[in-house]
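Heads up, the thing below is written out as structure tokens.
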Amino acid sequence: MERSSYTSTTNACKLCKPLGACLAFRGIEGAVPMLHGSQGCATYMRRYIISHFREPMDIASSSLGEKHAVYGGGPNLKQGLQNVMAKFGAKLIGVATTCLTETIGDDVPMIVKEFRNEMRQSGVLQLPALVTVSTPSYSGTHMEGFHAAVRAVVEQLSEDKACAHMLNLLPGFLSPEDLRYLKEVVDDFRYPSVILPDFSMTLDGPALEDCEKIPRGGTPIEDIRRMGGADATFEFGSTLEDFKTAGKFLDEHFGVPLHGMGIPIGIRETDVFFGALEQLSGKECPEKHALEKGRLIDSYVDAHKYLFGKRAVVYGEEDMVVALTSFLCEVGITPVLCASGGRSGRFEQAIERVTAGIAPQSPAVHEGMDFQQIEELAQELSPDLLIGHSKGYTLARKLGIPLVRVGFPIHDRFGGQRILHVGYRGTQSLLDRIVNALLESNQNDSPVGYAYM
Ligand code: SF4
């Protein structure tokens with residue numbers, strides 16, 4: 001019998017699904033993320049997140065062992081919830097499942113329902129909000145876990161409360177600096193908003209005298225409850241058509257109009273975001289932002305001689321890759337490979353949308369990739385630079401080309417949490433970094449070392 005050849009994933013271009021859910025829960029005020037699974041999952045995720053954000057990140061665990069794989073983990077989960085309530089005084093506990101508990105088939109919503117009843121019977125009437133989300137890592141990426149957790153929070157907490165004008169902003173997984181910027185933009189339009197999740201403080205806060213068990217900041221739970229009465233929802237992401245997102249839930253259940261749009265990187269995608277804000281608020285783009293756009297256009301012209309015709313490999317989360325590809329085409333860089341570990345089924349179509357009529361050639365687009373595969377393709381394509389997260393460092397070193405770090409994780413540089421990617425301002429910063437990375441590479445490779453370029 002002929003055996004099909006199989007090569008296992010080698011250095012995946014994606015991360016664990018409940019890791020994304022934990023990050024989303026971290027962006028809610030007073031919340032503690034909790035994994036229903038083994039200690040090892042929580043330890044891996046804490047280490048991974050801390051080395052990017054450089055902030056403490058508690059992730060509770062129901063701490064299952066071998067016998068629970070046979071008898072089920074319900075009692076451990078209930079004990080764990082009580083421990084988190086007693087030790088943290090959490091306002092919300094976000095419970096994400098893991099590979100183990102999904103495989104043994106623990107019914108987490110039912111266990112949590114039993115827990116609520118048992119607590120009530122024992123006289124504990126004030127419970128934190130308990131949100132559950134199913135995140136088997138073998139069926140998706142950290143981005144799917146992130147979106148699933150945001151949807152679960154909205155599904156399980158939001159109500160159809162009439163509220164004064166308000167915008168729901170669902171930005172997806174961006175940096176704390178991005179979230180601060182988005183808040184500034186919406187505030188400049190003088191439009192009240194709720195951003196979910198908001199880890200701009202909880203994962204990038206100031207130094208304090210005393211460690212806080214739960215870092216301050218995050219989207220207030222009361223605001224999440226009001227999301228069903230908002231005027232509109234803006235949800236970032238070009239590959240979300242087939243996902244059950246929070247924006248779709250708010251639209252379908254409460255009639256909140258959903259405006260899906262790409263992550264606002266580059267002029268075209270940022271114009272869409274600002275245009276939607278202008279339409280919603282009835283106000284023109286504030287002068288501060290119009291000037292930033294003007295300077296950005298000017299710098300596109302200035303940078304053209306350094307960037308035109310350069311070839312780039314872009315990899316990472318699908319929506320981030322789409323947004324970056326759109327921007328690269330605007331500045332004259334040719335994306336030759338767009339790769340992601342995700343499998344939305346919408347990636348190629350989204351890349352086609354942002355490259356059509358502007359890219360000199362269609363890039364190779366691949367879903368479900370690992371870094372072994374990206375390397376094999378990149379070797380043939382002779383790129384001038386890589387754009388993506390730190391996991392591409394080894395490849396950049398092998399190819400001898402610069403890596404411009406964006407997104408998550410950034411483990412081999414300082415300040416990943418403060419990278420601004422979005423808006424006219426974030427695009428400006430990205431453009432400057434790309435030009436300088438190429439100039440530095442030219443200087444390093446030059447036998448004479450130009451001082452003036
Ligand atoms: S076992 Fe599954 S849930 Fe746990 S860390 Fe590994 S991939 Fe993530």
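Here, A, B, ... name the chains of the structure tokens in the order displayed, residue numbers run from 1 inside each chain, and ligands are numbered from 1 in the same displayed order.
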
Counting only C-alpha atoms and all ligand atoms, which residues of chain A fall within 7 Å of ligand 1, and what is the closest atom pair for each with its distance in Å at one decimal, ordered by chain and rising number, as a Markdown table?
```
| residue | atom | partner | partner_atom_place_in_ligand_line | distance |
| --- | --- | --- | --- | --- |
| A:Cys16 | CA | ligand 1 | 8 (Fe) | 4.5 |
| A:Lys17 | CA | ligand 1 | 8 (Fe) | 6.4 |
| A:Pro18 | CA | ligand 1 | 3 (S) | 6.0 |
| A:Leu19 | CA | ligand 1 | 8 (Fe) | 7.0 |
| A:Gly40 | CA | ligand 1 | 5 (S) | 6.8 |
| A:Cys41 | CA | ligand 1 | 5 (S) | 3.8 |
| A:Tyr44 | CA | ligand 1 | 5 (S) | 6.2 |
| A:Met45 | CA | ligand 1 | 5 (S) | 6.8 |
| A:Thr98 | CA | ligand 1 | 3 (S) | 4.0 |
| A:Cys99 | CA | ligand 1 | 2 (Fe) | 4.3 |
| A:Leu100 | CA | ligand 1 | 1 (S) | 6.6 |
| A:Pro136 | CA | ligand 1 | 3 (S) | 6.5 |
| A:Ser137 | CA | ligand 1 | 2 (Fe) | 5.0 |
| A:Tyr138 | CA | ligand 1 | 7 (S) | 6.7 |
```

Expected file contents, prior selection, N, CA and C atoms, as a PDB file, in the first residue's frame:
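The file below, out01.pdb, is the result:
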```pdb
ATOM      1  N   CYS A  16      -0.915  29.199  20.360  1.00  0.00           N
ATOM      2  CA  CYS A  16      -1.945  28.365  20.980  1.00  0.00           C
ATOM      3  C   CYS A  16      -3.280  29.128  21.146  1.00  0.00           C
ATOM      4  N   LYS A  17      -4.382  28.442  20.856  1.00  0.00           N
ATOM      5  CA  LYS A  17      -5.689  29.100  20.823  1.00  0.00           C
ATOM      6  C   LYS A  17      -6.102  29.719  22.166  1.00  0.00           C
ATOM      7  N   PRO A  18      -6.015  28.989  23.290  1.00  0.00           N
ATOM      8  CA  PRO A  18      -6.404  29.635  24.558  1.00  0.00           C
ATOM      9  C   PRO A  18      -5.482  30.785  24.973  1.00  0.00           C
ATOM     10  N   LEU A  19      -4.256  30.830  24.425  1.00  0.00           N
ATOM     11  CA  LEU A  19      -3.384  31.978  24.716  1.00  0.00           C
ATOM     12  C   LEU A  19      -4.058  33.267  24.233  1.00  0.00           C
ATOM     13  N   GLY A  40       0.966  23.054  32.923  1.00  0.00           N
ATOM     14  CA  GLY A  40       1.962  23.359  31.896  1.00  0.00           C
ATOM     15  C   GLY A  40       1.458  24.357  30.871  1.00  0.00           C
ATOM     16  N   CYS A  41       0.172  24.261  30.517  1.00  0.00           N
ATOM     17  CA  CYS A  41      -0.381  25.200  29.525  1.00  0.00           C
ATOM     18  C   CYS A  41      -0.285  26.626  30.062  1.00  0.00           C
ATOM     19  N   TYR A  44       3.406  27.904  30.179  1.00  0.00           N
ATOM     20  CA  TYR A  44       3.912  28.264  28.851  1.00  0.00           C
ATOM     21  C   TYR A  44       3.349  29.620  28.416  1.00  0.00           C
ATOM     22  N   MET A  45       2.039  29.797  28.597  1.00  0.00           N
ATOM     23  CA  MET A  45       1.424  31.041  28.108  1.00  0.00           C
ATOM     24  C   MET A  45       1.918  32.254  28.902  1.00  0.00           C
ATOM     25  N   THR A  98      -8.722  23.876  27.137  1.00  0.00           N
ATOM     26  CA  THR A  98      -7.427  23.562  26.520  1.00  0.00           C
ATOM     27  C   THR A  98      -7.558  22.245  25.754  1.00  0.00           C
ATOM     28  N   CYS A  99      -6.463  21.833  25.131  1.00  0.00           N
ATOM     29  CA  CYS A  99      -6.500  20.596  24.333  1.00  0.00           C
ATOM     30  C   CYS A  99      -6.983  19.419  25.176  1.00  0.00           C
ATOM     31  N   LEU A 100      -6.452  19.314  26.397  1.00  0.00           N
ATOM     32  CA  LEU A 100      -6.785  18.167  27.245  1.00  0.00           C
ATOM     33  C   LEU A 100      -8.280  18.123  27.565  1.00  0.00           C
ATOM     34  N   PRO A 136     -10.134  24.685  21.859  1.00  0.00           N
ATOM     35  CA  PRO A 136      -9.206  23.568  21.614  1.00  0.00           C
ATOM     36  C   PRO A 136      -8.109  24.014  20.664  1.00  0.00           C
ATOM     37  N   SER A 137      -6.862  23.912  21.080  1.00  0.00           N
ATOM     38  CA  SER A 137      -5.795  24.520  20.281  1.00  0.00           C
ATOM     39  C   SER A 137      -5.543  23.764  18.980  1.00  0.00           C
ATOM     40  N   TYR A 138      -5.909  22.481  18.939  1.00  0.00           N
ATOM     41  CA  TYR A 138      -5.669  21.726  17.703  1.00  0.00           C
ATOM     42  C   TYR A 138      -6.633  22.145  16.588  1.00  0.00           C
TER      43      TYR A 138
END
```

Can you tell me, as a list in words, which residues in region 111-301 of chain A count as strand (DSSP E or B) by DSSP?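 Of region 111-301 of chain A, the ones in strand (DSSP E or B) are Ala129, Leu130, Val131, Thr132, Val133, Leu167, Asn168, Leu169, Leu170, Ser193, Val194, Ile195, Thr219, Ala232, Thr233, Phe234, Glu235, Phe236, Leu258, His259, Gly260 and Met261 of chain A.
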
Enumerate the residues of region 309-403 of chain A with a DSSP assignment of helix (DSSP H, G or I), computed from the backbone, and present them as a count of residues only. 43

Identify, on the basis of only C-alpha atoms, every residue whose closest approach to Ser175 (chain A) does not exceed 12 Å; exclude the query and any residue fewer than 3 positions from it along the same chain; express the result as a ChimeraX atom specification. /A:23-24,27,52-53,171-172,178-182,197-204,320,406-410,415-422,426

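Compared by their closest atoms to Gly282 (chain A), and using only C-alpha atoms, the residues A:Ala339, A:Lys248, A:Tyr191, A:Tyr424 rank with A:Tyr191 nearest.
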
Write out as a PyMOL selection string the residues lying within 7 Å of region 34-39 of chain A, counting only C-alpha atoms and excluding same-chain residues fewer than 4 positions away. chain A and resi 43+59-65+77+93-98+100-101

Using only C-alpha atoms, what does the table of region 139-238 of chain A residues within 7 Å of region 261-276 of chain A look like, with each row giving the shortest atom pair and its distance in Å to one decimal, sorted by chain and ascending number, as CSV?
```
residue,atom,partner,partner_atom,distance
A:Glu235,CA,A:Met261,CA,6.3
A:Phe236,CA,A:Met261,CA,5.1
A:Gly237,CA,A:Gly262,CA,4.8
A:Ser238,CA,A:Gly262,CA,4.9
```

Compare A:Arg433, A:Lys183, A:Lys213, A:Arg343 by their minimum atom-to-atom distance to Phe243 (chain A), counting only C-alpha atoms, and give me the closest one.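 Between A:Arg433, A:Lys183, A:Lys213, A:Arg343, the residue approaching Phe243 (chain A) most closely is A:Arg343.
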
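Closest to Glu330 (chain A) among A:Asp370, A:Phe146, A:Pro360, A:Ser8 is A:Pro360, based on only C-alpha atoms.
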
Give me the residues near Ser441 (chain A) as a list in words, where near means some atom within 10 Å (using only C-alpha atoms) and where sequence neighbours in that chain fewer than 4 positions away do not count. Asp384, Leu385, Gly400, Ile401, Pro402, Val435, Asn436, Ala437, Asp445 and Ser446 of chain A

Now that the selection is made, can you save its residues with N, CA and C atoms as a compact mmCIF listing (two decimals), in the first residue's frame?
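Result written to part.txt:
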```txt
# COMPACT_ATOMS: atom_id res chain seq x y z
N ASP A 384 14.10 41.10 -0.28
CA ASP A 384 15.03 42.09 0.29
C ASP A 384 14.78 42.30 1.77
N LEU A 385 13.58 41.98 2.23
CA LEU A 385 13.31 42.11 3.67
C LEU A 385 12.15 41.22 4.09
N GLY A 400 20.18 36.62 5.36
CA GLY A 400 21.05 37.81 5.40
C GLY A 400 20.31 39.09 5.03
N ILE A 401 19.04 39.16 5.40
CA ILE A 401 18.24 40.36 5.08
C ILE A 401 17.60 40.89 6.36
N PRO A 402 17.19 42.17 6.35
CA PRO A 402 16.62 42.72 7.59
C PRO A 402 15.22 42.18 7.89
N VAL A 435 12.34 51.89 5.90
CA VAL A 435 13.39 52.60 5.14
C VAL A 435 14.73 52.47 5.87
N ASN A 436 14.72 52.71 7.16
CA ASN A 436 15.97 52.67 7.92
C ASN A 436 16.57 51.27 7.99
N ALA A 437 15.70 50.26 8.06
CA ALA A 437 16.22 48.88 8.08
C ALA A 437 16.94 48.57 6.77
N ASP A 445 26.31 45.94 4.30
CA ASP A 445 26.81 45.12 3.18
C ASP A 445 27.85 45.85 2.33
N SER A 446 27.96 47.15 2.49
CA SER A 446 28.83 47.93 1.61
C SER A 446 30.30 47.76 2.00
```

Between A:Asp319, A:Ile195, A:Gly89, A:Gln372, which one has atoms that come closest to Thr7 (chain A), using only C-alpha atoms?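 Among the listed residues, the smallest separation from Thr7 (chain A) belongs to A:Gln372.
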
Smallest atom-to-atom distance to Asp106 (chain A): which of A:Phe173, A:Phe249, A:Tyr71, A:Phe327, using only C-alpha atoms?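 Closest to Asp106 (chain A), using only C-alpha atoms: A:Tyr71.
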
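From CA of Ser340 (chain A) back to CA of Ala396 (chain A), the distance works out to 16.5 Å.
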
Pick from A:Ile50, A:Met227, A:Leu399, A:Leu15 nearest to His165 (chain A), counting only C-alpha atoms: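 Nearest candidate to His165 (chain A) out of A:Ile50, A:Met227, A:Leu399, A:Leu15: A:Met227.
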
One-decimal distance in Å that lies between CA of Ala230 (chain A) and CA of His259 (chain A):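 CA of His259 (chain A) sits 12.7 Å away from CA of Ala230 (chain A).
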
Find the spatial neighbours of Ala232 (chain A), counting only C-alpha atoms, within a cut-off of 8 Å - ignore same-chain residues fewer than 4 positions away - and output them as a ChimeraX atom specification. /A:166-168,256-259

How would the residues just chosen look if you wrote them out with N, CA and C atoms as a PDB file, in the first residue's frame?
```
ATOM      1  N   MET A 166     -23.054  55.884  21.324  1.00  0.00           N
ATOM      2  CA  MET A 166     -21.851  55.131  21.699  1.00  0.00           C
ATOM      3  C   MET A 166     -21.422  54.249  20.523  1.00  0.00           C
ATOM      4  N   LEU A 167     -20.107  54.129  20.366  1.00  0.00           N
ATOM      5  CA  LEU A 167     -19.533  53.264  19.334  1.00  0.00           C
ATOM      6  C   LEU A 167     -18.882  52.071  20.013  1.00  0.00           C
ATOM      7  N   ASN A 168     -19.157  50.870  19.506  1.00  0.00           N
ATOM      8  CA  ASN A 168     -18.406  49.686  19.931  1.00  0.00           C
ATOM      9  C   ASN A 168     -17.211  49.538  18.989  1.00  0.00           C
ATOM     10  N   VAL A 256     -27.348  46.151  16.258  1.00  0.00           N
ATOM     11  CA  VAL A 256     -26.299  47.191  16.211  1.00  0.00           C
ATOM     12  C   VAL A 256     -25.577  47.065  14.865  1.00  0.00           C
ATOM     13  N   PRO A 257     -25.676  48.075  13.995  1.00  0.00           N
ATOM     14  CA  PRO A 257     -25.064  47.939  12.662  1.00  0.00           C
ATOM     15  C   PRO A 257     -23.566  47.652  12.742  1.00  0.00           C
ATOM     16  N   LEU A 258     -23.133  46.663  11.967  1.00  0.00           N
ATOM     17  CA  LEU A 258     -21.724  46.250  11.982  1.00  0.00           C
ATOM     18  C   LEU A 258     -21.002  46.813  10.771  1.00  0.00           C
ATOM     19  N   HIS A 259     -19.880  47.486  11.019  1.00  0.00           N
ATOM     20  CA  HIS A 259     -19.000  47.955   9.937  1.00  0.00           C
ATOM     21  C   HIS A 259     -17.690  47.185  10.058  1.00  0.00           C
TER      22      HIS A 259
END
```

Shell of 8 Å around Asp58 (chain A), only C-alpha atoms, local chain residues under 6 positions omitted, as JSON, numbers by chain: {"A": [32, 33, 46]}

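The space between CA of Leu439 (chain A) and CA of Ala303 (chain A) spans 11.0 Å.
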